[in-house]
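Note sheet for the following structure.
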Amino acid sequence: MKSLIKATTAFCLSLSLTNTAAAKEGMWTPQQLPDIARDLRKTGLKLKPAALTDLTAFPMGAVISLGGCSASFVSETGLIVTNHHCARGSVQYNSTAENNYLENGFFAQTLQDEVPAAPGSRVYVTTQFSDVSDQILTPEVSSLNGLERYEAIETAKKSIIKDCESDPGHRCQVSAFYGGSSYKLIKRLEIQDVRLVYAPADAIGKYGGDIDNWQWPRHTGDFAFYRAYVAPGGAPALFDTANVPFKPKHVLKVSAGGLDDGDFVMAAGYPGRTQRYRRLAEIKHVFSWSYPTWIDLADLRIATIESAAPEGSDAHVKYASLLAGLNNYSKNRKGQIEGARRTRLAERRADQEAAFDAWAKAETARAPYLEAVKQLDTLIDMDVAADKQAFWDGYAQSGRLLSAAKTLYRLAKERGKPDGEREAGFQERDLAFIKQGLEAIERRYENSVDKALWAALLERYLAQPATIRNAAFDTALGLTPGANKDEIAALLSPLYEDTQLNQLDTRLGWMEADASQFETSEDPFIKLAVALYPSNMAKERAKKDRAGALQRERAQYMEALIAWKNESGEAVYPDANSTLRVTYGTVLGGSPKDGLIYEPFTRLEGILAKDSGAAPFNAPKKQLDLISEADYGPYALKSIGSVPVNFLTDLDSTGGNSGSATFNRHGHLVGLLFDGTIESVNSDWDFDARTTRTIHVDTRYMLWVMEKVDKAERLLNEMTIVRKR
């Protein structure tokens with residue numbers, strides 16, 4: 001199977017990509033770029049595509065991951081640029097109602113004024129990328145199925161990771177490609193001391209707010225700066241006042257010359273997950289049940305938080321990041337549902353599967369493919385049914401302190417095993433993240449808000465059929481079907497009144513406890529976590545069994561799919577999986593539907609036109625005055641007669657790409673990818689050449705704000721700014 005995957009992938013990538021729309025589809029691994037070099041050069045790239053495969057050379061060596069967002073080094077003293085919404089959690093964490101950096105912005109005048117980012121913040125610098133498929137997919141593993149296969153793969157991954165992390169200061173991961181047909185080892189330098197340097201006020205960095213989110217035209221200054229720090233000797237270390245700025249091997253030059261309509265662009269970053277090779281049954285489940293149900297609960301959570309944590313309160317500041325995330329994902333998933341309907345995703349996938357079946361039936365040698373697909377579809381039906389139960393069970397057990405108690409008890413149980421046998425997420429390498437997650441509760445939790453949220457969700461949970469609910473959970477908590485929100489809140493009150501888990505020292509102290517101490521504890525959340533452990537473990541075991549079976553059949557399906565697509569000359573890029581990817585195209589407006597025209601750039605004057613003085617259209621007076629005076633400095637784009645704020649491209653992107661460096665043809669930083677249009681958001685599942693457009697903040701606007709509005713001269717002086725295009 002592996003040899004066929006390699007051969008067919010190489011074949012399809014070597015095909016000439018002459019179709020313009022097809023050439024712009026794909027989130028390519030850097031190692032694939034030489035195979036599409038012809039089209040990269042044709043589109044406008046001046047760098048050598050082969051040079052982009054070296055993750056330790058320019059420019060890829062400057063592109064980093066924040067573990068959820070992308071970012072880039074822009075100075076030799078560890079200065080990092082990313083999106084404002086990627087750093088906003090750290091701004092929120094350092095804010096209070098009296099000193100609200102979300103509202104006022106944050107700028108450290110000196111290195112000493114730079115403050116620690118939110119707990120758990122990391123900077124990951126990729127240093128090595130290698131194929132480890134032969135170490136994972138051994139003949140023995142190939143003969144296994146279900147839980148045995150899952151556990152064998154996990155054991156192999158842990159062993160590889162352990163060897164990789166014997167190099168101090170690094171964190172490694174093994175990622176699956178093409179449905180588990182191949183595996184890659186990614187070795188990354190893990191920088192643990194990350195500090196907030198500069199973030200404009202929400203009135204710039206989040207201008208337009210949820211109203212403009214996923215919309216065009218857009219006028220959002222979605223940029224912020226961190227800095228990476230290390231121990232004086234250069235090794236990664238936790239926060240310490242003695243630490244010094246990290247010195248990266250490569251940094252990006254920041255362009256003040258920028259781009260114009262039709263220019264080449266390329267983005268490099270860490271897109272999260274795409275599902276472009278999923279079967280029709282999975283698409284139907286997600287778009288007809290999973291997304292609509294999630295949206296319903298997201299709207300409920302938003303309303304509950306806004307009621308329990310009113311604007312201006314410290315509780316509202318604590319829940320600002322969660323609110324922003326809920327609003328963002330709710331709008332995204334509504335757009336995905338509409339996009340799937342508009343592009344007839346389900347109908348087209350049904351046609352694709354029928355065409356694939358016809359191809360597989362055409363030759364006797366392809367019969368195993370048909371059997372693999374039949375088995376895969378059977379497993380998917382089982383997984384869909386289990387997913388509905390897991391969905392509601394997850395929300396039923398979503399109280400923040402219950403989640404903390406379950407994590408702590410699981411840690412105690414896992415610590416009784418040799419490290420290599422522990423569940424991933426509870427090994428020695430994970431303890432710092434667990435600790436920082438417990439610390440983060442301090443500025444992202446309020447008893448009254450959490451209880452209101454949990455009660456509202458439990459009311460919805462209790463409305464589900466008994467076959468969907470978790471009987472063990474209902475019994476342990478004492479839930480009665482039909483109970484309303486107030487009755488549930490009364491039932492929950494003793495848990496919140498009698499617990500000590502809302503105290504940081506108590507939470508951290510439980511990290512050192514053994515299982516017997518949990519099992520004799522009188523803390524109500526810990527007692528609940530202990531009571532739920534057996535049923536939760538049984539469900540986890542069943543999930544792993546399904547995952548192992550699915551991996552076996554999905555890998556065979558991807559082998560067949562690649563072979564089929566090769567015959568029609570289609571390139572097959574792997575689904576995004578949070579590893580470094582490159583996407584490229586041009587600055588391009590569009591017309592997503594009849595009568596609607598998107599220009600490729602927005603201007604400063606658009607901020608003035610939108611401004612109402614009330615959030616989210618409440619730009620600072622200083623900024624409005626500068627725009628009124630047409631004080632553009634050296635950052636105006638002649639073709640639009642103003643400073644460009646945001647621009648559109650036809651790049652293929654998804655969540656996780658936020659903060660991705662946007663390069664011009666010479667590899668200079670010309671923007672930061674931060675969003676897509678509402679017509680593009682179903683790109684997780686599909687690619688539509690006509691409507692896919694990605695939104696970037698222009699570096700000319702970023703530099704203009706820094707120079708003219710926030711007077712961030714020390715950062716401007718630190719960066720290398722290129723004035724010519």
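If you're wondering about the labels, chains in the structure tokens are A, B, ... by order shown, residues count from 1 in each chain, ligands from 1 in order shown.
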
Running DSSP on the backbone, which parts of stretch 224-464 of chain A land in helix (DSSP H, G or I), as an NGL selection string?
:A and (280-308 or 314-318 or 320-342 or 345-361 or 364-396 or 400-414 or 419-421 or 428-443 or 447-462)

Compile the contact shell of A:Leu376 as number ranges by chain: residues with an atom at most 12 Å away, counting only C-alpha atoms, same-chain residues fewer than 4 positions apart removed.
A: 179, 278-282, 369-372, 380-383, 546-558

Could you check which of A:Met511, A:Val384, A:Val670, A:Leu491 is closest to A:Phe433, using only C-alpha atoms?
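Nearest candidate to A:Phe433 out of A:Met511, A:Val384, A:Val670, A:Leu491: A:Met511.
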
Who sits within 8 Å of stretch 47-53 of chain A, only C-alpha atoms, same chain under 4 positions skipped, as a list in words
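Final neighbour list, sorted by chain and number: Pro30, Gln31, Gln32, Leu33, Pro34, Ala37, Leu40, Ala57, Phe58, Pro59, Met60, Arg665, His666 and Gly667 of chain A.
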
Give me every strand (DSSP E or B) residue in stretch 120-252 of chain A, going by DSSP on the backbone, as a PDB file with C-alpha atoms, in the first residue's frame.
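Now in out32.pdb:
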ATOM      1  CA  VAL A 123       6.222  29.081  20.158  1.00  0.00           C
ATOM      2  CA  TYR A 124       7.116  26.073  18.015  1.00  0.00           C
ATOM      3  CA  VAL A 125       9.959  26.319  15.513  1.00  0.00           C
ATOM      4  CA  THR A 126      10.029  23.364  13.098  1.00  0.00           C
ATOM      5  CA  THR A 127      13.527  21.943  12.747  1.00  0.00           C
ATOM      6  CA  GLN A 128      12.993  18.553  11.097  1.00  0.00           C
ATOM      7  CA  PHE A 129      10.397  16.735   8.970  1.00  0.00           C
ATOM      8  CA  SER A 130      10.857  13.042   8.148  1.00  0.00           C
ATOM      9  CA  ASP A 131       8.872  10.007   7.006  1.00  0.00           C
ATOM     10  CA  HIS A 170      12.165  20.053  21.632  1.00  0.00           C
ATOM     11  CA  ARG A 171       8.613  18.807  21.299  1.00  0.00           C
ATOM     12  CA  CYS A 172       7.867  16.276  18.609  1.00  0.00           C
ATOM     13  CA  GLN A 173       4.729  14.980  16.976  1.00  0.00           C
ATOM     14  CA  VAL A 174       3.864  12.159  14.591  1.00  0.00           C
ATOM     15  CA  SER A 175       1.126  13.150  12.158  1.00  0.00           C
ATOM     16  CA  ALA A 176      -0.946  10.976   9.843  1.00  0.00           C
ATOM     17  CA  PHE A 177      -1.336  11.849   6.162  1.00  0.00           C
ATOM     18  CA  SER A 182       1.652   7.509   5.808  1.00  0.00           C
ATOM     19  CA  TYR A 183       3.136   9.132   8.915  1.00  0.00           C
ATOM     20  CA  LYS A 184       5.593  11.993   9.339  1.00  0.00           C
ATOM     21  CA  LEU A 185       7.717  12.999  12.314  1.00  0.00           C
ATOM     22  CA  ILE A 186       7.854  16.744  12.970  1.00  0.00           C
ATOM     23  CA  LYS A 187      10.538  17.932  15.366  1.00  0.00           C
ATOM     24  CA  ARG A 188      10.078  21.416  16.814  1.00  0.00           C
ATOM     25  CA  LEU A 189      11.977  23.667  19.164  1.00  0.00           C
ATOM     26  CA  GLU A 190       9.533  24.450  21.994  1.00  0.00           C
ATOM     27  CA  ILE A 191       9.887  27.970  23.381  1.00  0.00           C
ATOM     28  CA  ASP A 193       8.568  31.839  27.685  1.00  0.00           C
ATOM     29  CA  VAL A 194       6.274  33.855  25.425  1.00  0.00           C
ATOM     30  CA  ARG A 195       5.505  37.496  26.231  1.00  0.00           C
ATOM     31  CA  LEU A 196       2.971  39.970  24.977  1.00  0.00           C
ATOM     32  CA  VAL A 197       4.625  42.987  23.359  1.00  0.00           C
ATOM     33  CA  TYR A 198       1.972  44.956  21.486  1.00  0.00           C
ATOM     34  CA  ALA A 199      -1.682  44.601  20.559  1.00  0.00           C
ATOM     35  CA  ALA A 224      -0.286  41.803  17.296  1.00  0.00           C
ATOM     36  CA  PHE A 225       3.224  41.046  18.532  1.00  0.00           C
ATOM     37  CA  TYR A 226       4.726  38.520  20.920  1.00  0.00           C
ATOM     38  CA  ARG A 227       8.371  37.926  21.794  1.00  0.00           C
ATOM     39  CA  ALA A 228      10.085  34.595  22.408  1.00  0.00           C
ATOM     40  CA  TYR A 229      12.438  34.351  25.384  1.00  0.00           C
ATOM     41  CA  VAL A 230      14.955  31.656  26.365  1.00  0.00           C
ATOM     42  CA  VAL A 244      16.694  36.822  27.274  1.00  0.00           C
ATOM     43  CA  PRO A 245      15.133  37.311  23.814  1.00  0.00           C
TER      44      PRO A 245
END

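Closest to A:Lys46 among A:Tyr270, A:Phe663, A:His696, A:Asp650 is A:Phe663, based on only C-alpha atoms.
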
Residue nearest A:Tyr93 among A:Trp510, A:Trp392, A:Tyr277, A:Tyr445 (counting only C-alpha atoms):
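Among the listed residues, A:Tyr445 lies closest to A:Tyr93.
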